[in-house]
$ cat structure25.tsv   # TSV, C-alpha atoms and all ligand atoms
chain	number	residue	atom	x	y	z
G	541	MET	CA	-5.31	-4.99	33.61
G	542	MET	CA	-6.79	-1.51	33.29
G	543	ASP	CA	-9.42	-0.60	30.73
G	544	LEU	CA	-9.13	2.39	28.39
G	545	GLU	CA	-11.17	4.70	30.62
G	546	GLN	CA	-8.97	4.06	33.67
G	547	ILE	CA	-5.77	4.62	31.67
G	548	LYS	CA	-7.19	7.79	30.15
G	549	GLN	CA	-8.05	9.20	33.57
G	550	LEU	CA	-4.49	8.67	34.84
G	551	ASP	CA	-3.05	10.21	31.68
G	552	GLN	CA	-5.26	13.27	31.91
G	553	LYS	CA	-4.44	13.82	35.57
G	554	TYR	CA	-0.70	13.16	35.61
G	555	TYR	CA	0.79	13.62	32.13
G	556	MET	CA	1.86	17.10	30.97
G	557	PRO	CA	-0.85	18.43	28.68
G	558	VAL	CA	1.34	18.56	25.56
G	559	PHE	CA	-0.51	15.86	23.60
G	560	GLY	CA	-4.06	17.04	24.35
G	561	GLU	CA	-6.82	14.56	23.64
G	562	ARG	CA	-5.14	11.45	22.24
G	563	GLN	CA	-6.85	9.01	19.89
G	564	PRO	CA	-9.28	6.92	21.96
G	565	VAL	CA	-7.32	3.69	22.12
G	566	CYS	CA	-4.58	1.97	24.10
G	567	PHE	CA	-2.80	-0.86	22.30
G	568	THR	CA	-1.60	-3.87	24.25
G	569	HIS	CA	0.19	-5.97	21.64
G	570	GLY	CA	0.72	-6.51	17.95
G	571	GLU	CA	1.74	-9.01	15.32
G	572	GLY	CA	2.99	-8.20	11.83
G	573	ALA	CA	1.03	-5.15	10.70
G	574	LYS	CA	-1.85	-5.76	13.17
G	575	LEU	CA	-2.37	-4.05	16.52
G	576	TYR	CA	-4.73	-5.09	19.33
G	577	ASP	CA	-6.28	-2.83	21.98
G	578	THR	CA	-7.39	-3.23	25.61
G	579	ALA	CA	-10.78	-4.49	24.42
G	580	GLY	CA	-9.21	-7.09	22.10
G	581	ARG	CA	-10.14	-5.21	18.92
G	582	GLN	CA	-7.83	-5.62	15.89
G	583	TYR	CA	-6.47	-2.76	13.78
G	584	THR	CA	-4.39	-2.66	10.59
G	585	ASP	CA	-1.51	-0.26	11.03
G	586	PHE	CA	-0.55	2.27	8.33
G	587	PHE	CA	1.23	4.54	10.81
G	588	ALA	CA	3.95	2.38	12.42
G	589	GLY	CA	4.21	4.56	15.53
G	590	ILE	CA	5.09	7.64	13.39
G	591	ALA	CA	7.21	5.79	10.81
G	592	VAL	CA	9.13	3.79	13.41
G	593	ASN	CA	8.02	0.14	13.39
G	594	ALA	CA	9.33	-0.84	9.95
G	595	LEU	CA	9.39	-4.56	10.81
G	596	GLY	CA	5.91	-4.44	12.28
G	597	TYR	CA	5.18	-6.07	15.65
G	598	ALA	CA	6.57	-9.13	17.41
G	599	ASP	CA	9.09	-9.91	14.67
G	600	ALA	CA	10.61	-13.18	15.92
G	601	GLY	CA	14.25	-12.28	15.22
G	602	PHE	CA	13.85	-8.85	16.79
G	603	VAL	CA	12.27	-10.27	19.95
G	604	LYS	CA	15.04	-12.88	20.25
G	605	THR	CA	17.83	-10.33	19.73
G	606	VAL	CA	16.43	-7.85	22.25
G	607	SER	CA	15.58	-10.52	24.85
G	608	GLU	CA	19.03	-12.09	24.64
G	609	GLN	CA	20.80	-8.74	24.89
G	610	ALA	CA	18.57	-7.61	27.80
G	611	ALA	CA	19.42	-10.81	29.65
G	612	LYS	CA	23.16	-10.16	29.19
G	613	LEU	CA	23.76	-6.40	29.52
G	614	VAL	CA	21.70	-3.27	28.81
G	615	HIS	CA	23.92	-0.32	29.67
G	616	THR	CA	27.53	0.35	30.53
G	617	SER	CA	28.07	4.04	29.42
G	618	SER	CA	30.40	5.79	27.02
G	619	GLN	CA	33.37	5.15	29.30
G	620	PHE	CA	33.76	1.60	27.98
G	621	TYR	CA	33.99	-0.20	24.64
G	622	ASN	CA	30.78	-1.84	23.46
G	623	GLU	CA	30.50	-4.53	20.78
G	624	PRO	CA	26.95	-3.90	19.46
G	625	GLN	CA	27.84	-0.19	19.20
G	626	ALA	CA	31.06	-0.86	17.28
G	627	THR	CA	29.43	-3.30	14.85
G	628	LEU	CA	26.44	-1.01	14.30
G	629	ALA	CA	28.81	1.89	13.56
G	630	ARG	CA	30.54	-0.25	10.92
G	631	ALA	CA	27.25	-1.46	9.40
G	632	LEU	CA	25.82	2.05	9.06
G	633	CYS	CA	29.04	3.51	7.62
G	634	GLU	CA	29.18	0.67	5.09
G	635	LYS	CA	25.52	1.14	4.12
G	636	THR	CA	25.74	4.91	3.72
G	637	GLY	CA	29.30	5.50	2.55
G	638	MET	CA	29.90	7.77	5.55
G	639	GLY	CA	33.09	7.65	7.62
G	640	ARG	CA	32.00	7.91	11.27
G	641	VAL	CA	28.95	7.94	13.48
G	642	PHE	CA	27.73	9.25	16.84
G	643	PHE	CA	24.78	7.53	18.52
G	644	ALA	CA	22.11	9.53	20.33
G	645	ASN	CA	18.70	8.58	21.75
G	646	SER	CA	16.31	10.31	19.34
G	647	GLY	CA	16.01	12.13	16.06
G	648	ALA	CA	16.24	15.55	17.64
G	649	GLU	CA	19.45	14.57	19.39
G	650	ALA	CA	20.94	13.20	16.16
G	651	ASN	CA	20.19	16.56	14.47
G	652	GLU	CA	21.52	18.44	17.50
G	653	CYS	CA	24.81	16.56	17.02
G	654	ALA	CA	24.81	17.36	13.27
G	655	VAL	CA	24.29	21.09	13.80
G	656	LYS	CA	26.87	21.24	16.60
G	657	LEU	CA	29.39	19.43	14.40
G	658	ALA	CA	28.79	21.94	11.60
G	659	LYS	CA	29.19	24.81	14.07
G	660	MET	CA	32.39	23.31	15.44
G	661	ARG	CA	33.78	22.95	11.92
G	662	ALA	CA	32.95	26.58	11.12
G	663	PHE	CA	34.51	27.71	14.41
G	664	LYS	CA	37.70	25.77	13.84
G	665	ARG	CA	37.94	27.17	10.30
G	666	GLY	CA	37.65	30.72	11.62
G	667	LYS	CA	34.07	31.40	10.53
G	668	LYS	CA	32.75	33.74	13.19
G	669	THR	CA	29.04	33.25	12.48
G	670	ALA	CA	26.25	30.90	13.48
G	671	HIS	CA	24.30	31.18	10.24
G	672	PHE	CA	22.33	28.15	9.11
G	673	VAL	CA	19.75	27.56	6.41
G	674	ALA	CA	16.64	25.37	6.73
G	675	LEU	CA	13.50	24.91	4.65
G	676	LYS	CA	10.02	26.18	5.35
G	677	ASN	CA	7.59	23.45	6.45
G	678	SER	CA	10.48	21.36	7.75
G	679	PHE	CA	10.54	19.47	11.03
G	680	HIS	CA	13.82	18.68	12.76
G	681	GLY	CA	12.90	18.04	16.40
G	682	ARG	CA	11.90	19.53	19.75
G	683	THR	CA	15.16	20.48	21.45
G	684	LEU	CA	15.75	24.24	21.44
G	685	LEU	CA	18.28	24.03	18.60
G	686	THR	CA	16.29	21.64	16.39
G	687	LEU	CA	13.10	23.56	17.13
G	688	THR	CA	14.82	26.69	15.83
G	689	ALA	CA	15.95	24.71	12.77
G	690	THR	CA	12.33	23.72	12.15
G	691	GLY	CA	10.91	26.08	9.51
G	692	GLN	CA	7.46	26.58	11.03
G	693	ASP	CA	6.71	29.82	12.92
G	694	LYS	CA	4.22	28.20	15.30
G	695	PHE	CA	7.06	26.30	16.99
G	696	HIS	CA	9.25	29.37	17.48
G	697	GLU	CA	7.27	32.20	19.05
G	698	PRO	CA	7.00	31.11	22.69
G	699	PHE	CA	10.60	29.94	22.80
G	700	GLU	CA	12.26	32.99	21.24
G	701	PRO	CA	15.11	33.80	20.82
G	702	GLY	CA	15.93	30.16	19.94
G	703	ALA	CA	19.43	28.98	19.09
G	704	TYR	CA	21.71	30.23	16.28
G	705	ASN	CA	20.64	32.32	13.27
G	706	TRP	CA	18.47	30.56	10.73
G	707	THR	CA	17.25	31.60	7.30
G	708	TYR	CA	14.18	29.65	6.15
G	709	ILE	CA	13.75	29.16	2.42
G	710	ASP	CA	10.91	27.79	0.26
G	711	ALA	CA	11.43	24.16	-0.73
G	712	ASN	CA	12.30	23.61	-4.40
G	713	ASP	CA	12.94	27.36	-4.99
G	714	PHE	CA	16.38	27.45	-6.66
G	715	GLU	CA	16.77	31.24	-6.60
G	716	MET	CA	15.88	31.59	-2.94
G	717	ALA	CA	18.49	28.98	-2.02
G	718	LYS	CA	21.09	30.86	-4.05
G	719	ASN	CA	20.30	34.09	-2.23
G	720	ALA	CA	20.30	32.51	1.25
G	721	ILE	CA	23.48	30.42	1.21
G	722	ASN	CA	26.65	32.49	1.47
G	723	ALA	CA	30.18	32.56	2.88
G	724	ASP	CA	28.78	32.95	6.44
G	725	THR	CA	26.66	29.80	6.24
G	726	CYS	CA	27.80	26.91	8.46
G	727	ALA	CA	25.34	24.35	7.07
G	728	VAL	CA	22.07	23.71	5.26
G	729	ILE	CA	19.67	21.10	6.65
G	730	PHE	CA	16.86	19.47	4.67
G	731	GLU	CA	14.54	16.44	4.62
G	732	PRO	CA	14.44	14.68	1.20
G	733	VAL	CA	10.69	14.29	1.74
G	734	GLN	CA	9.28	16.66	4.35
G	735	GLY	CA	7.34	14.32	6.62
G	736	GLU	CA	5.61	16.29	9.36
G	737	GLY	CA	5.22	19.25	6.98
G	738	GLY	CA	2.81	17.27	4.78
G	739	VAL	CA	4.76	14.55	2.90
G	740	LEU	CA	6.31	17.10	0.53
G	741	PRO	CA	9.13	15.69	-1.64
G	742	LEU	CA	12.10	17.79	-2.75
G	743	SER	CA	13.18	17.33	-6.37
G	744	ALA	CA	16.49	15.56	-6.96
G	745	GLU	CA	17.74	18.58	-8.96
G	746	TYR	CA	16.93	20.90	-6.05
G	747	MET	CA	18.80	18.72	-3.54
G	748	ARG	CA	21.80	18.63	-5.87
G	749	HIS	CA	21.52	22.43	-6.21
G	750	LEU	CA	21.74	22.72	-2.41
G	751	ALA	CA	24.78	20.42	-2.44
G	752	SER	CA	26.55	22.51	-5.06
G	753	LEU	CA	25.78	25.82	-3.28
G	754	CYS	CA	27.17	24.35	-0.05
G	755	LYS	CA	30.35	23.27	-1.82
G	756	GLN	CA	30.72	26.69	-3.43
G	757	HIS	CA	30.47	28.50	-0.06
G	758	GLY	CA	32.29	26.02	2.18
G	759	ALA	CA	29.11	25.07	4.05
G	760	LEU	CA	28.02	21.57	5.01
G	761	LEU	CA	24.93	19.80	3.69
G	762	ILE	CA	22.98	17.90	6.36
G	763	ALA	CA	20.42	15.37	5.13
G	764	ASP	CA	17.83	14.75	7.85
G	765	GLU	CA	16.87	11.17	6.94
G	766	ILE	CA	15.27	10.51	10.30
G	767	GLN	CA	11.95	9.68	8.66
G	768	THR	CA	13.02	8.96	5.05
G	769	GLY	CA	16.02	6.75	5.91
G	770	MET	CA	16.18	3.04	6.79
G	771	GLY	CA	14.55	2.12	3.49
G	772	ARG	CA	11.33	4.08	3.99
G	773	THR	CA	11.36	5.58	0.47
G	774	GLY	CA	12.66	2.40	-1.23
G	775	THR	CA	16.42	2.93	-0.96
G	776	PHE	CA	18.40	2.72	2.30
G	777	LEU	CA	18.75	6.54	2.20
G	778	ALA	CA	16.42	8.73	0.15
G	779	ILE	CA	19.39	10.83	-1.07
G	780	GLU	CA	20.85	7.64	-2.57
G	781	GLY	CA	17.88	7.39	-4.94
G	782	ALA	CA	18.30	11.06	-5.88
G	783	GLN	CA	22.11	10.83	-6.21
G	784	VAL	CA	22.72	13.62	-3.74
G	785	GLU	CA	25.93	13.78	-1.74
G	786	ALA	CA	25.57	15.05	1.83
G	787	ASP	CA	28.32	15.72	4.38
G	788	ILE	CA	26.19	14.62	7.32
G	789	VAL	CA	23.21	12.24	7.45
G	790	THR	CA	20.95	11.73	10.47
G	791	LEU	CA	18.85	8.65	11.19
G	792	ALA	CA	16.43	7.64	13.98
G	793	LYS	CA	12.77	6.47	13.80
G	794	ALA	CA	13.00	2.97	12.23
G	795	LEU	CA	16.65	2.45	13.24
G	796	GLY	CA	15.96	0.81	16.61
G	797	GLY	CA	12.82	-1.09	15.60
G	798	GLY	CA	10.97	0.83	18.34
G	799	LEU	CA	13.81	1.22	20.83
G	800	PRO	CA	15.08	4.81	21.12
G	801	ILE	CA	18.23	5.47	19.11
G	802	GLY	CA	19.42	8.19	16.73
G	803	ALA	CA	22.54	8.32	14.59
G	804	CYS	CA	24.54	11.24	13.24
G	805	LEU	CA	26.77	10.03	10.38
G	806	ALA	CA	29.47	12.22	8.88
G	807	LYS	CA	32.23	11.99	6.32
G	808	GLU	CA	35.60	11.22	7.85
G	809	GLU	CA	36.98	14.73	7.21
G	810	THR	CA	33.88	16.34	8.75
G	811	ALA	CA	33.81	14.08	11.83
G	812	ALA	CA	37.45	15.02	12.44
G	813	TYR	CA	36.33	18.47	13.63
G	814	PHE	CA	35.06	16.89	16.88
G	815	SER	CA	37.66	16.23	19.59
G	816	PRO	CA	37.29	14.30	22.86
G	817	GLY	CA	34.86	16.14	25.16
G	818	ASP	CA	33.07	18.07	22.40
G	819	HIS	CA	29.94	15.93	22.49
G	820	GLY	CA	28.54	12.96	24.41
G	821	SER	CA	25.56	11.14	25.90
G	822	THR	CA	24.95	8.87	28.89
G	823	PHE	CA	22.48	6.57	27.16
G	824	GLY	CA	23.42	7.13	23.50
G	825	GLY	CA	24.68	3.97	21.81
G	826	GLY	CA	23.66	1.68	24.68
G	827	LEU	CA	24.00	-2.05	24.18
G	828	LEU	CA	20.29	-2.85	24.00
G	829	ALA	CA	19.36	-0.18	21.43
G	830	CYS	CA	22.47	-0.97	19.34
G	831	ALA	CA	21.78	-4.74	19.36
G	832	ALA	CA	18.21	-4.00	18.22
G	833	ALA	CA	19.43	-1.59	15.53
G	834	ASN	CA	22.01	-4.10	14.28
G	835	TYR	CA	19.20	-6.55	13.76
G	836	VAL	CA	16.97	-3.99	11.98
G	837	VAL	CA	19.80	-2.76	9.73
G	838	GLY	CA	20.59	-6.40	8.85
G	839	ARG	CA	16.99	-6.84	7.70
G	840	MET	CA	17.19	-3.86	5.32
G	841	ASP	CA	18.67	-5.94	2.51
G	842	GLY	CA	17.92	-5.81	-1.20
G	843	SER	CA	14.76	-7.89	-0.94
G	844	MET	CA	13.30	-5.73	1.84
G	845	LEU	CA	13.98	-2.55	-0.14
G	846	ALA	CA	12.45	-4.14	-3.26
G	847	ARG	CA	9.39	-4.98	-1.17
G	848	VAL	CA	9.11	-1.35	-0.01
G	849	ARG	CA	9.31	-0.13	-3.62
G	850	GLU	CA	6.77	-2.69	-4.87
G	851	LEU	CA	4.21	-2.21	-2.11
G	852	GLY	CA	4.77	1.55	-2.14
G	853	GLN	CA	3.99	1.67	-5.85
G	854	TYR	CA	0.96	-0.60	-5.33
G	855	LEU	CA	-0.38	1.70	-2.60
G	856	LYS	CA	0.39	4.86	-4.57
G	857	ASP	CA	-1.30	3.50	-7.72
G	858	ALA	CA	-4.35	2.56	-5.66
G	859	LEU	CA	-4.51	6.06	-4.11
G	860	CYS	CA	-4.13	7.67	-7.55
G	861	ALA	CA	-6.91	5.43	-8.94
G	862	LEU	CA	-9.11	6.57	-6.04
G	863	GLN	CA	-8.26	10.18	-6.86
G	864	ASP	CA	-9.39	9.58	-10.47
G	865	LYS	CA	-12.69	8.26	-9.13
G	866	LEU	CA	-13.13	11.05	-6.55
G	867	PRO	CA	-11.44	14.14	-8.00
G	868	SER	CA	-13.57	16.49	-5.91
G	869	ALA	CA	-12.41	14.86	-2.64
G	870	ILE	CA	-8.70	14.26	-3.25
G	871	LYS	CA	-6.33	17.04	-4.25
G	872	GLU	CA	-2.99	15.24	-4.59
G	873	VAL	CA	-1.16	11.98	-3.91
G	874	ARG	CA	2.55	12.43	-3.07
G	875	GLY	CA	5.61	10.65	-1.76
G	876	ALA	CA	7.88	7.71	-2.45
G	877	GLY	CA	8.13	4.10	-1.29
G	878	LEU	CA	6.06	3.55	1.84
G	879	MET	CA	5.99	7.23	2.76
G	880	LEU	CA	2.88	8.55	1.06
G	881	GLY	CA	0.59	11.50	1.57
G	882	MET	CA	-2.91	12.08	0.27
G	883	GLU	CA	-3.98	15.71	0.41
G	884	LEU	CA	-7.72	16.25	0.64
G	885	MET	CA	-9.57	19.09	-1.02
G	886	GLU	CA	-10.35	22.21	0.99
G	887	GLY	CA	-12.72	21.32	3.83
G	888	GLY	CA	-11.82	17.62	3.53
G	889	LYS	CA	-10.48	17.61	7.09
G	890	ALA	CA	-7.82	14.94	7.19
G	891	ALA	CA	-8.16	14.47	10.97
G	892	GLN	CA	-11.86	13.63	10.57
G	893	VAL	CA	-11.12	11.06	7.87
G	894	ARG	CA	-8.41	9.61	10.10
G	895	GLY	CA	-11.06	9.25	12.85
G	896	GLN	CA	-13.48	7.53	10.46
G	897	LEU	CA	-10.75	5.11	9.32
G	898	PHE	CA	-9.98	4.40	12.97
G	899	GLN	CA	-13.65	3.47	13.52
G	900	LYS	CA	-13.24	0.93	10.70
G	901	GLY	CA	-10.07	-0.52	12.23
G	902	PHE	CA	-7.32	1.32	10.30
G	903	ILE	CA	-4.58	3.44	11.86
G	904	VAL	CA	-3.29	6.28	9.66
G	905	GLY	CA	-1.60	9.59	10.39
G	906	THR	CA	-2.06	13.17	9.32
G	907	ALA	CA	0.56	15.72	8.31
G	908	GLY	CA	0.69	19.34	7.23
G	909	ALA	CA	-2.55	21.22	6.80
G	910	ASN	CA	-4.90	18.65	5.27
G	911	THR	CA	-3.02	15.48	4.37
G	912	LEU	CA	-3.44	11.84	5.35
G	913	ARG	CA	-0.03	10.29	6.01
G	914	LEU	CA	0.55	6.62	5.23
G	915	VAL	CA	3.82	5.23	6.63
G	916	PRO	CA	3.01	1.55	7.28
G	917	PRO	CA	5.32	-1.18	8.52
G	918	TYR	CA	7.18	-2.73	5.56
G	919	VAL	CA	5.43	-6.05	6.33
G	920	ILE	CA	2.06	-4.67	5.24
G	921	SER	CA	0.37	-6.84	2.59
G	922	LYS	CA	-1.49	-6.09	-0.63
G	923	ALA	CA	-4.65	-7.42	1.06
G	924	ASP	CA	-4.17	-4.82	3.82
G	925	VAL	CA	-3.80	-2.11	1.18
G	926	ASN	CA	-6.94	-3.26	-0.64
G	927	ALA	CA	-8.91	-3.26	2.62
G	928	LEU	CA	-7.74	0.27	3.48
G	929	LEU	CA	-8.63	1.55	0.01
G	930	ASP	CA	-12.14	0.04	0.23
G	931	ALA	CA	-12.71	1.78	3.55
G	932	LEU	CA	-11.28	5.07	2.30
G	933	HIS	CA	-13.43	4.93	-0.83
G	934	LYS	CA	-16.62	4.46	1.23
G	935	ILE	CA	-15.71	7.25	3.66
G	936	LEU	CA	-14.83	9.80	0.97
G	937	MET	CA	-17.87	8.93	-1.15
G	938	GLU	CA	-20.23	9.50	1.78
G	939	ARG	CA	-18.78	12.89	2.67
J	1	LIG	C1	12.55	14.51	9.72
J	1	LIG	C2	12.54	14.47	11.21
J	1	LIG	N1	13.58	14.96	11.90
J	1	LIG	C3	13.61	14.93	13.24
J	1	LIG	C4	12.57	14.41	13.97
J	1	LIG	C5	12.64	14.38	15.47
J	1	LIG	O1	12.79	13.07	15.91
J	1	LIG	P1	12.48	12.68	17.45
J	1	LIG	O2	11.02	12.88	17.65
J	1	LIG	O3	12.92	11.26	17.55
J	1	LIG	O4	13.31	13.58	18.29
J	1	LIG	C6	11.45	13.91	13.30
J	1	LIG	C7	10.29	13.38	14.05
J	1	LIG	O5	9.19	13.35	13.61
J	1	LIG	C8	11.44	13.94	11.88
J	1	LIG	O6	10.39	13.47	11.19
$ encode --input "structure25.tsv" --output "structure tokens"
Amino acid sequence: MMDLEQIKQLDQKYYMPVFGERQPVCFTHGEGAKLYDTAGRQYTDFFAGIAVNALGYADAGFVKTVSEQAAKLVHTSSQFYNEPQATLARALCEKTGMGRVFFANSGAEANECAVKLAKMRAFKRGKKTAHFVALKNSFHGRTLLTLTATGQDKFHEPFEPGAYNWTYIDANDFEMAKNAINADTCAVIFEPVQGEGGVLPLSAEYMRHLASLCKQHGALLIADEIQTGMGRTGTFLAIEGAQVEADIVTLAKALGGGLPIGACLAKEETAAYFSPGDHGSTFGGGLLACAAANYVVGRMDGSMLARVRELGQYLKDALCALQDKLPSAIKEVRGAGLMLGMELMEGGKAAQVRGQLFQKGFIVGTAGANTLRLVPPYVISKADVNALLDALHKILMER
């Protein structure tokens, strides 16, 4: 087996330089919420592979499901019927109240499908525009279309002119939304809690305002639940908790338990705007990813969601208590369920704190300008939370 230095050398020579200097570790295996590296060191994971590994690592049922499916059949293509795909489609429609689904391989692809479906609907209804609305600070993916949907200038410039015409509005600004959404608008896309942008929640009233403006102007509302969905915020979908009705919902991240899969769910009447040949994918909805996702969706029952709410509140309360103790270090604690952000004061340098936590054996993320992002596996324990908070307290006190 290679050591970290050998792996790093190969990476730096052969991998495209899009990730720069990665964090100095290579994990080899995990169990529950613990990860182990090439040197055998243990870490407690509050990052879950960017909000993916909701069940943690080496979940026995997940391993059994994936191993059994891999031993039977992995891929057949969209030309043939596929049982795990059909049952997953039913399970997701039943969980979300949507009518139909398309399976892709990633979040970006799920959003690509959503935007194309909205464009197809507009086209078939005689709308001759490609006007869409997205929020500033959003993140919707890295394909050309989803990159254009992403409301952050830094992603756009080199790839201009992008795809379709987008108006970017400030989150939670009611008036701006009213001025941006009009009869030309095909759809509005939003994240209930903006993840990559800095763990920035939208208010329930604002999301309902978007829904009512869309209805008024014949536009579709697309809820990007790629990060917030699958129970992450304490309900299966975050819009469920906020009582918001969307026409299209996208999922990915936690859906496959680590295997790549994305889902674009739409109401029956919306999905009906796609006809055979309008969209497709070679790998999308493959047997292995769908079998894995069936298992993960089955685990997102009432008790798992209650666990997310309870542990999320425990973690949030602990972060808020730390903020009370260290008001000059911590600016704000935000988020819902197990999707929490802690914004540091000016000069706090979230990436540095992340590095110091890593030295102490904790994996956390960063988001936005200066925010620590905590999106742990749902199997994290209160003892893990207490240990993280002790470490964080020491680090912030010494700064
Ligand atoms: C809200 C949201 N949408 C879309 C994406 C893109 O997903 P993927 O990286 O799987 O293409 C992400 C990824 O971070 C995301 O957080």
$ residues_near_ligand --input "structure25.tsv" --ligand "ligand LIG 1 (chain J)" --cutoff "7 Å" --atoms "all atoms listed in the file" --output "count of residues only"
19
$ residues_around --input "structure25.tsv" --residues "Tyr576 of chain G" --least-positions-apart "6" --cutoff "12 Å" --atoms "only C-alpha atoms" --output "tab-separated table (two decimals) with C-alpha atoms, keeping the file's coordinate frame"
chain	number	residue	atom	x	y	z
G	565	VAL	CA	-7.32	3.69	22.12
G	566	CYS	CA	-4.58	1.97	24.10
G	567	PHE	CA	-2.80	-0.86	22.30
G	568	THR	CA	-1.60	-3.87	24.25
G	569	HIS	CA	0.19	-5.97	21.64
G	570	GLY	CA	0.72	-6.51	17.95
G	582	GLN	CA	-7.83	-5.62	15.89
G	583	TYR	CA	-6.47	-2.76	13.78
G	584	THR	CA	-4.39	-2.66	10.59
G	585	ASP	CA	-1.51	-0.26	11.03
G	597	TYR	CA	5.18	-6.07	15.65
G	901	GLY	CA	-10.07	-0.52	12.23
G	902	PHE	CA	-7.32	1.32	10.30
G	903	ILE	CA	-4.58	3.44	11.86
$ closest_residue --input "structure25.tsv" --among "G:Met770, G:Cys804, G:Met556, G:Ile709" --to "Val655 of chain G" --atoms "only C-alpha atoms"
G:Cys804
$ residues_near_point --input "structure25.tsv" --point "(-3.8, 11.5, -3.2)" --cutoff "9 Å" --atoms "only C-alpha atoms" --output "list in words"
Lys856, Leu859, Cys860, Ala861, Leu862, Gln863, Ile870, Lys871, Glu872, Val873, Arg874, Leu880, Gly881, Met882, Glu883, Leu884, Thr911 and Leu912 of chain G
$ write_last_selection --input "structure25.tsv" --atoms "C-alpha atoms" --output "tab-separated table (two decimals), in the frame of the given file"
chain	number	residue	atom	x	y	z
G	856	LYS	CA	0.39	4.86	-4.57
G	859	LEU	CA	-4.51	6.06	-4.11
G	860	CYS	CA	-4.13	7.67	-7.55
G	861	ALA	CA	-6.91	5.43	-8.94
G	862	LEU	CA	-9.11	6.57	-6.04
G	863	GLN	CA	-8.26	10.18	-6.86
G	870	ILE	CA	-8.70	14.26	-3.25
G	871	LYS	CA	-6.33	17.04	-4.25
G	872	GLU	CA	-2.99	15.24	-4.59
G	873	VAL	CA	-1.16	11.98	-3.91
G	874	ARG	CA	2.55	12.43	-3.07
G	880	LEU	CA	2.88	8.55	1.06
G	881	GLY	CA	0.59	11.50	1.57
G	882	MET	CA	-2.91	12.08	0.27
G	883	GLU	CA	-3.98	15.71	0.41
G	884	LEU	CA	-7.72	16.25	0.64
G	911	THR	CA	-3.02	15.48	4.37
G	912	LEU	CA	-3.44	11.84	5.35
$ closest_residue --input "structure25.tsv" --among "G:Ala670, G:Val641, G:Leu753, G:Leu684" --to "Ala626 of chain G" --atoms "all atoms listed in the file"
G:Val641
$ residues_around --input "structure25.tsv" --residues "segment 774-778 of chain G" --least-positions-apart "3" --cutoff "9 Å" --atoms "all atoms listed in the file" --output "PyMOL selection string"
chain G and resi 635-636+732-733+765+768-771+781-784+789+840-842+844-850+852+876-878
$ closest_residue --input "structure25.tsv" --among "G:Gly895, G:Gly820, G:Pro916, G:Gly908" --to "Ser678 of chain G" --atoms "only C-alpha atoms"
G:Gly908
$ atom_distance --input "structure25.tsv" --atom1 "atom CA of Val614 of chain G" --atom2 "atom CA of Lys656 of chain G"
27.9 Å
$ atom_distance --input "structure25.tsv" --atom1 "atom CA of Arg665 of chain G" --atom2 "atom CA of Arg748 of chain G"
24.4 Å
$ residues_near_point --input "structure25.tsv" --point "(18.7, -8.5, 27.7)" --cutoff "12 Å" --atoms "only C-alpha atoms" --output "ChimeraX atom specification"
/G:602-615,826-832
$ closest_residue --input "structure25.tsv" --among "G:Val558, G:Ala923, G:Ala723, G:Leu928" --to "Gly758 of chain G" --atoms "all atoms listed in the file"
G:Ala723
$ residues_around --input "structure25.tsv" --residues "Glu700 of chain G" --least-positions-apart "5" --cutoff "12 Å" --atoms "all atoms listed in the file" --output "list in words"
Leu684, Leu685, Leu687, Thr688, Asp693, Lys694, Phe695 and Asn705 of chain G
$ atom_distance --input "structure25.tsv" --atom1 "atom CA of Gly797 of chain G" --atom2 "atom CA of Met638 of chain G"
21.7 Å
$ closest_residue --input "structure25.tsv" --among "G:Asp930, G:Glu886, G:Asp787, G:Glu652" --to "Ala909 of chain G" --atoms "all atoms listed in the file"
G:Glu886
$ closest_residue --input "structure25.tsv" --among "G:Ile547, G:Ala588, G:Leu914, G:Ala654" --to "Tyr813 of chain G" --atoms "only C-alpha atoms"
G:Ala654
